[in-house]
$ cat coords25.txt   # compact mmCIF, C-alpha atoms and all ligand atoms
# COMPACT_ATOMS: atom_id res chain seq x y z
CA MET Y 1 156.26 203.65 211.07
CA SER Y 2 153.56 202.03 213.15
CA ILE Y 3 151.32 199.53 211.36
CA GLU Y 4 148.35 201.54 212.66
CA LYS Y 5 149.05 203.90 209.79
CA TYR Y 6 147.29 201.23 207.68
CA LEU Y 7 145.51 198.95 210.14
CA ASP Y 8 142.34 199.59 212.18
CA ILE Y 9 141.80 197.13 215.01
CA ALA Y 10 138.23 197.27 216.37
CA PRO Y 11 138.20 198.59 219.98
CA GLU Y 12 136.84 195.34 221.43
CA VAL Y 13 139.50 193.31 219.60
CA LYS Y 14 142.27 195.69 220.63
CA GLU Y 15 141.21 195.50 224.26
CA ALA Y 16 141.09 191.69 224.20
CA LEU Y 17 144.56 191.48 222.62
CA LYS Y 18 145.99 193.90 225.13
CA ALA Y 19 144.56 191.89 228.02
CA GLY Y 20 145.96 188.65 226.55
CA LYS Y 21 142.44 187.33 225.94
CA SER Y 22 141.49 185.06 223.08
CA VAL Y 23 140.68 186.42 219.63
CA VAL Y 24 139.76 184.49 216.49
CA ALA Y 25 140.16 185.96 212.99
CA LEU Y 26 137.64 185.32 210.20
CA GLU Y 27 138.03 185.88 206.45
CA SER Y 28 135.80 187.92 204.14
CA THR Y 29 136.20 186.27 200.71
CA ILE Y 30 134.02 183.48 202.08
CA ILE Y 31 131.34 186.20 202.55
CA SER Y 32 131.70 187.96 199.18
CA HIS Y 33 132.76 185.13 196.89
CA GLY Y 34 132.10 181.92 198.80
CA MET Y 35 128.38 182.10 199.50
CA PRO Y 36 125.31 183.86 198.04
CA TYR Y 37 123.46 186.76 199.69
CA PRO Y 38 121.71 186.77 202.15
CA GLN Y 39 123.03 183.47 203.58
CA ASN Y 40 126.55 184.90 203.50
CA VAL Y 41 125.70 187.79 205.82
CA GLU Y 42 123.62 185.60 208.11
CA THR Y 43 126.50 183.10 208.33
CA ALA Y 44 129.11 185.80 208.91
CA LEU Y 45 127.09 187.22 211.82
CA ASN Y 46 126.28 183.80 213.30
CA VAL Y 47 129.89 182.66 213.12
CA GLU Y 48 130.89 185.67 215.21
CA LYS Y 49 128.29 184.60 217.75
CA VAL Y 50 129.64 181.03 217.82
CA ILE Y 51 133.08 182.44 218.65
CA ARG Y 52 131.65 184.55 221.48
CA ASP Y 53 129.63 181.59 222.82
CA ASN Y 54 132.91 179.68 223.05
CA GLY Y 55 134.70 182.36 225.03
CA ALA Y 56 136.65 184.32 222.39
CA ILE Y 57 136.29 187.63 220.54
CA PRO Y 58 135.74 187.52 216.74
CA ALA Y 59 137.71 189.71 214.33
CA THR Y 60 136.38 189.53 210.79
CA ILE Y 61 139.05 190.83 208.44
CA ALA Y 62 138.67 192.85 205.22
CA ILE Y 63 139.91 196.02 203.51
CA ILE Y 64 137.52 198.98 203.53
CA GLY Y 65 138.43 202.18 201.71
CA GLY Y 66 142.06 201.09 201.65
CA ARG Y 67 142.15 200.52 205.44
CA LEU Y 68 143.09 197.08 206.72
CA LYS Y 69 140.37 196.08 209.20
CA ALA Y 70 140.61 193.58 212.04
CA GLY Y 71 137.03 193.53 213.30
CA LEU Y 72 134.13 194.69 211.14
CA SER Y 73 130.86 196.40 212.02
CA ARG Y 74 127.51 194.81 211.14
CA ASP Y 75 127.09 197.36 208.35
CA GLU Y 76 130.49 196.50 206.87
CA ILE Y 77 129.63 192.77 206.87
CA GLU Y 78 126.25 193.54 205.29
CA TYR Y 79 127.96 195.68 202.64
CA LEU Y 80 130.50 192.98 201.71
CA GLY Y 81 127.80 190.32 201.55
CA LYS Y 82 125.44 192.42 199.41
CA THR Y 83 128.16 193.56 197.03
CA GLY Y 84 129.37 189.96 196.66
CA VAL Y 85 131.72 189.38 193.74
CA GLY Y 86 131.58 193.12 193.06
CA VAL Y 87 134.15 193.45 195.86
CA THR Y 88 137.73 192.73 194.79
CA LYS Y 89 139.03 189.37 195.97
CA VAL Y 90 142.35 190.22 197.60
CA SER Y 91 145.15 187.72 197.93
CA ARG Y 92 148.77 188.55 198.88
CA ARG Y 93 149.75 190.05 195.52
CA ASP Y 94 146.70 192.34 195.46
CA LEU Y 95 147.00 193.75 198.98
CA PRO Y 96 149.40 196.70 198.53
CA VAL Y 97 147.67 197.84 195.34
CA ILE Y 98 144.20 197.84 196.92
CA VAL Y 99 145.50 199.76 199.95
CA ALA Y 100 147.38 202.31 197.82
CA LYS Y 101 144.27 202.88 195.70
CA GLY Y 102 142.02 203.21 198.76
CA MET Y 103 139.75 200.43 197.49
CA ASP Y 104 137.59 197.82 199.24
CA GLY Y 105 138.69 194.21 199.31
CA ALA Y 106 137.56 190.82 200.55
CA THR Y 107 140.48 188.94 202.04
CA THR Y 108 141.33 185.34 201.14
CA VAL Y 109 142.88 182.91 203.59
CA ALA Y 110 146.34 184.21 202.63
CA THR Y 111 145.50 187.89 203.13
CA THR Y 112 143.48 187.26 206.27
CA MET Y 113 146.55 185.52 207.72
CA ILE Y 114 148.73 188.51 206.82
CA ILE Y 115 146.41 191.03 208.48
CA ALA Y 116 145.74 188.76 211.49
CA ALA Y 117 149.51 188.50 212.05
CA MET Y 118 149.88 192.29 211.80
CA ALA Y 119 147.15 192.67 214.44
CA GLY Y 120 148.68 190.01 216.71
CA ILE Y 121 145.89 187.43 216.23
CA LYS Y 122 147.15 183.85 216.31
CA ILE Y 123 144.14 181.76 215.28
CA PHE Y 124 141.82 181.98 212.29
CA ALA Y 125 138.73 179.93 211.43
CA THR Y 126 137.37 179.40 207.94
CA GLY Y 127 135.66 176.80 205.73
CA GLY Y 128 138.14 175.53 203.18
CA ILE Y 129 141.56 176.68 202.05
CA GLY Y 130 142.87 177.13 198.54
CA GLY Y 131 145.39 174.57 197.32
CA VAL Y 132 146.90 172.87 194.31
CA HIS Y 133 144.24 172.77 191.58
CA ARG Y 134 143.60 169.69 189.51
CA GLY Y 135 145.68 169.99 186.35
CA ALA Y 136 148.21 172.28 188.07
CA GLN Y 137 150.97 170.34 186.30
CA GLN Y 138 149.83 172.29 183.20
CA THR Y 139 148.20 175.45 184.60
CA PHE Y 140 150.54 176.16 187.55
CA ASP Y 141 147.38 177.08 189.50
CA ILE Y 142 148.44 176.77 193.12
CA SER Y 143 146.72 178.99 195.67
CA ALA Y 144 148.80 181.63 197.44
CA ASP Y 145 147.15 180.29 200.62
CA LEU Y 146 149.75 177.50 200.70
CA GLU Y 147 152.74 179.85 200.52
CA GLU Y 148 151.18 181.96 203.25
CA LEU Y 149 150.83 178.93 205.51
CA ALA Y 150 154.54 178.37 204.94
CA MET Y 151 155.56 181.81 206.17
CA THR Y 152 152.96 183.53 208.37
CA ASN Y 153 152.51 182.65 212.04
CA VAL Y 154 148.78 182.01 212.16
CA THR Y 155 146.97 178.74 212.82
CA VAL Y 156 144.17 178.10 210.34
CA VAL Y 157 141.24 175.89 211.35
CA CYS Y 158 139.44 174.55 208.26
CA ALA Y 159 137.38 171.53 207.19
CA GLY Y 160 140.13 170.29 204.89
CA ALA Y 161 139.89 171.25 201.24
CA LYS Y 162 137.30 170.72 198.56
CA ALA Y 163 137.91 168.07 195.95
CA ILE Y 164 137.85 170.88 193.37
CA LEU Y 165 141.55 170.69 194.28
CA ASP Y 166 144.08 167.93 193.80
CA LEU Y 167 144.16 166.86 197.45
CA PRO Y 168 147.19 164.53 197.29
CA LEU Y 169 149.27 167.25 195.60
CA THR Y 170 148.03 169.83 198.10
CA LEU Y 171 149.34 167.62 200.94
CA GLU Y 172 152.67 167.14 199.13
CA TYR Y 173 153.02 170.89 198.71
CA LEU Y 174 152.32 171.53 202.39
CA GLU Y 175 154.90 168.92 203.32
CA THR Y 176 157.56 170.53 201.11
CA LYS Y 177 156.79 173.91 202.67
CA GLY Y 178 157.07 172.51 206.19
CA VAL Y 179 153.50 173.20 207.24
CA PRO Y 180 152.23 170.98 210.06
CA VAL Y 181 148.90 169.44 209.01
CA ILE Y 182 146.82 168.17 211.92
CA GLY Y 183 143.64 166.12 211.86
CA TYR Y 184 141.26 167.04 214.64
CA GLY Y 185 139.98 163.70 215.89
CA THR Y 186 141.03 162.04 212.64
CA LYS Y 187 144.06 160.59 210.85
CA GLU Y 188 142.61 161.21 207.39
CA LEU Y 189 142.37 164.52 205.55
CA PRO Y 190 138.75 165.74 205.65
CA ALA Y 191 137.36 166.70 202.22
CA PHE Y 192 135.20 169.64 203.28
CA TYR Y 193 131.71 168.26 202.43
CA THR Y 194 132.68 164.80 203.62
CA ARG Y 195 134.52 163.66 206.73
CA THR Y 196 137.38 162.03 204.85
CA SER Y 197 139.23 162.10 201.55
CA GLY Y 198 140.75 158.73 202.40
CA LEU Y 199 144.20 160.37 202.39
CA PRO Y 200 146.28 159.74 205.51
CA ILE Y 201 147.74 162.64 207.47
CA ASP Y 202 150.44 162.16 210.03
CA TYR Y 203 149.08 163.72 213.19
CA GLU Y 204 145.82 163.43 215.04
CA ILE Y 205 145.02 165.75 217.93
CA ASP Y 206 141.88 165.29 219.99
CA THR Y 207 141.58 168.28 222.32
CA PRO Y 208 141.78 172.10 222.05
CA ALA Y 209 144.37 172.09 224.87
CA GLU Y 210 146.66 169.78 222.88
CA LEU Y 211 146.24 171.95 219.78
CA ALA Y 212 147.11 175.04 221.81
CA LYS Y 213 150.22 173.31 223.13
CA THR Y 214 151.41 172.57 219.59
CA ILE Y 215 150.90 176.22 218.58
CA PHE Y 216 152.71 177.36 221.71
CA VAL Y 217 155.68 175.04 221.19
CA LYS Y 218 156.08 176.10 217.57
CA HIS Y 219 156.07 179.72 218.65
CA GLU Y 220 158.60 179.14 221.44
CA LEU Y 221 160.88 177.32 219.04
CA GLY Y 222 160.88 180.45 216.88
CA MET Y 223 159.67 178.57 213.82
CA GLN Y 224 158.03 180.74 211.18
CA GLY Y 225 154.84 179.74 209.41
CA GLY Y 226 151.35 178.56 210.14
CA ILE Y 227 149.71 175.35 211.24
CA LEU Y 228 146.80 173.81 209.37
CA VAL Y 229 144.14 172.19 211.54
CA THR Y 230 141.69 170.10 209.54
CA ASN Y 231 138.39 169.52 211.33
CA PRO Y 232 135.89 167.09 209.76
CA ILE Y 233 132.36 168.31 209.06
CA PRO Y 234 129.92 167.02 211.73
CA GLU Y 235 128.47 163.67 210.66
CA GLN Y 236 124.88 164.91 210.44
CA TYR Y 237 125.79 167.58 207.87
CA SER Y 238 128.20 165.56 205.73
CA MET Y 239 127.18 164.89 202.14
CA ASP Y 240 126.98 161.75 200.04
CA PRO Y 241 130.44 161.52 198.43
CA LYS Y 242 128.96 160.28 195.13
CA VAL Y 243 126.63 163.27 194.85
CA ILE Y 244 129.22 165.86 195.73
CA ASN Y 245 132.02 164.35 193.63
CA LYS Y 246 129.78 164.21 190.57
CA ALA Y 247 128.87 167.88 191.08
CA ILE Y 248 132.55 168.80 191.40
CA ASP Y 249 133.49 166.89 188.23
CA GLU Y 250 130.73 168.67 186.31
CA ALA Y 251 131.81 172.06 187.68
CA ILE Y 252 135.44 171.47 186.67
CA ALA Y 253 134.42 170.32 183.17
CA GLU Y 254 132.37 173.49 182.73
CA ALA Y 255 135.19 175.72 184.03
CA ASN Y 256 137.60 174.11 181.54
CA ALA Y 257 135.12 174.42 178.67
CA LYS Y 258 134.58 178.11 179.46
CA GLY Y 259 138.29 178.78 179.85
CA ILE Y 260 137.90 180.08 183.43
CA LYS Y 261 141.36 180.99 184.81
CA GLY Y 262 143.29 182.63 187.61
CA LYS Y 263 141.50 184.12 190.60
CA GLU Y 264 138.08 183.46 188.98
CA THR Y 265 138.55 179.68 189.16
CA THR Y 266 137.79 179.05 192.82
CA PRO Y 267 134.70 181.33 193.02
CA PHE Y 268 133.37 179.85 189.75
CA LEU Y 269 133.72 176.28 191.03
CA LEU Y 270 132.16 177.11 194.41
CA ALA Y 271 129.11 178.73 192.79
CA LYS Y 272 128.72 175.93 190.23
CA VAL Y 273 128.87 173.17 192.84
CA LYS Y 274 126.24 174.95 194.85
CA GLU Y 275 124.01 175.34 191.79
CA ILE Y 276 124.32 171.67 190.82
CA THR Y 277 123.59 170.35 194.32
CA GLY Y 278 120.57 172.65 194.63
CA GLY Y 279 121.70 174.35 197.80
CA ASP Y 280 122.46 171.20 199.82
CA SER Y 281 126.15 171.98 199.63
CA LEU Y 282 125.51 175.47 201.00
CA ASP Y 283 123.89 174.08 204.16
CA SER Y 284 126.86 171.79 204.73
CA ASN Y 285 129.25 174.65 204.04
CA ILE Y 286 127.57 176.88 206.64
CA GLN Y 287 127.53 174.18 209.32
CA LEU Y 288 131.18 173.28 208.93
CA VAL Y 289 132.18 176.92 209.31
CA TYR Y 290 130.36 177.06 212.68
CA ASN Y 291 132.06 173.84 213.71
CA ASN Y 292 135.49 175.29 212.84
CA ALA Y 293 134.74 178.56 214.61
CA ALA Y 294 133.87 176.70 217.82
CA LEU Y 295 137.10 174.70 217.71
CA ALA Y 296 139.20 177.79 216.92
CA ALA Y 297 137.63 179.70 219.83
CA LYS Y 298 138.19 176.83 222.30
CA THR Y 299 141.79 176.54 221.14
CA ALA Y 300 142.32 180.31 221.46
CA VAL Y 301 140.99 180.13 225.03
CA GLU Y 302 143.47 177.35 225.86
CA LEU Y 303 146.30 179.27 224.20
CA SER Y 304 145.55 182.39 226.25
CA LYS Y 305 146.21 180.35 229.43
CA MET Y 306 149.78 179.50 228.32
N1 LIG J 401 137.63 177.31 199.28
C1 LIG J 401 136.40 177.18 199.81
N2 LIG J 401 135.69 178.30 200.13
C2 LIG J 401 136.20 179.56 199.91
C3 LIG J 401 137.51 179.67 199.36
C4 LIG J 401 138.18 178.53 199.07
O1 LIG J 401 135.95 176.08 200.01
O2 LIG J 401 135.51 180.56 200.20
C5 LIG J 401 138.12 181.04 199.18
C6 LIG J 401 139.02 181.39 200.37
O3 LIG J 401 138.98 182.78 200.59
C7 LIG J 401 140.39 181.00 199.85
C8 LIG J 401 140.28 181.40 198.40
O4 LIG J 401 141.47 181.66 200.49
O5 LIG J 401 138.97 181.03 198.03
C9 LIG J 401 141.31 180.73 197.54
O6 LIG J 401 141.30 181.30 196.27
P1 LIG J 401 142.46 180.95 195.24
O7 LIG J 401 142.28 179.48 194.94
O8 LIG J 401 142.19 181.83 194.06
O9 LIG J 401 143.75 181.24 195.93
MN MN J 402 144.63 180.22 191.72
$ encode --input "coords25.txt" --output "structure tokens"
Amino acid sequence: MSIEKYLDIAPEVKEALKAGKSVVALESTIISHGMPYPQNVETALNVEKVIRDNGAIPATIAIIGGRLKAGLSRDEIEYLGKTGVGVTKVSRRDLPVIVAKGMDGATTVATTMIIAAMAGIKIFATGGIGGVHRGAQQTFDISADLEELAMTNVTVVCAGAKAILDLPLTLEYLETKGVPVIGYGTKELPAFYTRTSGLPIDYEIDTPAELAKTIFVKHELGMQGGILVTNPIPEQYSMDPKVINKAIDEAIAEANAKGIKGKETTPFLLAKVKEITGGDSLDSNIQLVYNNAALAAKTAVELSKM
């Protein structure tokens, strides 16, 4: 069986891959569940442009009518953004069911990595990853994104993780799973809305060429699994840590009071934080995605030279 039985690679993406040119994958849960309409669609289209401006071809990933898609049309992006949480959020465990049923799905970091790897795309840019939730000692709520980073050969460029998660435990988990965590221009884990969580990470890399070399070496060594690149939000868009941490604490208290669980937790917290900060957090969120897309594209360009 050829994977094309299930996977549609957009012609432009296919051509770039065939020619050994640089391609950057993008996720779709960030469009449907991570941001409100119409900013989500606007951001999804702009982020593709940022990737082009930096010399690579974008491939936004989703599931449409049961087809795995690497590269979406404008209409498909518009549809996912407008439908929002009405589209199924698809992580690893959901993927085969949604395909078998011929349904639509927005792909999380985990599922975007799976489909990117099937298509032969090595780098993926997003905002924040899922991780170990606060209170996971009781709830066992650990995002499938972390397991995926342990096994699937795709480099994920993010702005760290939101403090809706237990960041120290998220780093411990990644260490156990053997996932290299790299700070781009920093030795401290960025906390999404702010440039640092104060938590040390082992490796700092300062150029796209050096990042590409690390990806290349890992591949040549035949080591399975991803690499997590954490790229701090640009200074001018970073938020006041007091403001954002208070909003996050309130959001978590409300989620607990309402008994929010499972796959609803992350989207609930994202929406609540945005509501409490009156949209400021959304602006920061959008800007850091552009910043990650630019870095992923530059790294993909360097990687294509190797
Ligand atoms: N964190 C964010 N923004 C997001 C997500 C996480 O700051 O949009 C989305 C991503 O798609 C991520 C998913 O893969 O939530 C994680 O969900 P869960 O915690 O249910 O695994
Ligand atoms: Mn979860």
$ closest_residue --input "coords25.txt" --among "Y:Ala16, Y:Leu221, Y:Ile286, Y:Val243" --to "Met35 (chain Y)" --atoms "only C-alpha atoms"
Y:Ile286
$ residues_near_point --input "coords25.txt" --point "(141.7, 181.3, 210.6)" --cutoff "9 Å" --atoms "all atoms listed in the file" --output "list of chain:residue names"
Y:Val24, Y:Ala25, Y:Leu26, Y:Glu27, Y:Val109, Y:Thr112, Y:Met113, Y:Ala116, Y:Lys122, Y:Ile123, Y:Phe124, Y:Ala125, Y:Thr126, Y:Gly127, Y:Val154, Y:Thr155, Y:Val156, Y:Val157, Y:Cys158, Y:Asn292, Y:Ala293, Y:Ala296
$ residues_near_ligand --input "coords25.txt" --ligand "ligand LIG 401 (chain J)" --cutoff "9 Å" --atoms "only C-alpha atoms and all ligand atoms" --output "number ranges by chain"
Y: 27-35, 89-91, 106-112, 126-133, 141-146, 159-162, 164-165, 192, 262-267, 270, 285
$ closest_residue --input "coords25.txt" --among "Y:Ile252, Y:Leu169, Y:Val289, Y:Ala136" --to "ligand MN 402 (chain J)" --atoms "only C-alpha atoms and all ligand atoms"
Y:Ala136
$ atom_distance --input "coords25.txt" --atom1 "CA of Gly65 (chain Y)" --atom2 "CA of Pro11 (chain Y)"
18.6 Å
$ closest_residue --input "coords25.txt" --among "Y:Leu269, Y:Val179, Y:Ile276, Y:Leu80" --to "Val229 (chain Y)" --atoms "only C-alpha atoms"
Y:Val179
$ closest_residue --input "coords25.txt" --among "Y:Thr186, Y:Leu7, Y:Arg93, Y:Pro200" --to "ligand MN 402 (chain J)" --atoms "all atoms listed in the file"
Y:Arg93
$ closest_residue --input "coords25.txt" --among "Y:Lys69, Y:Lys272, Y:Lys242, Y:Arg92" --to "Glu254 (chain Y)" --atoms "all atoms listed in the file"
Y:Lys272
$ axis_aligned_box --input "coords25.txt" --around "region 187-199 of chain Y" --padding-each-side "4 Å" --output "lines of an AutoDock Vina configuration file"
center_x = 138.0
center_y = 164.2
center_z = 206.2
size_x = 20.5
size_y = 18.9
size_z = 17.3
$ closest_residue --input "coords25.txt" --among "Y:Tyr193, Y:Tyr6, Y:Tyr237, Y:Phe268" --to "ligand MN 402 (chain J)" --atoms "only C-alpha atoms and all ligand atoms"
Y:Phe268
$ residues_near_point --input "coords25.txt" --point "(154.3, 179.0, 220.6)" --cutoff "12 Å" --atoms "all atoms listed in the file" --output "number ranges by chain"
Y: 122-123, 153-155, 211-227, 303-304, 306
$ residues_around --input "coords25.txt" --residues "Ile57 (chain Y)" --least-positions-apart "3" --cutoff "7 Å" --atoms "only C-alpha atoms" --output "MDAnalysis selection string"
chainID Y and resid 13 22:24 51:52
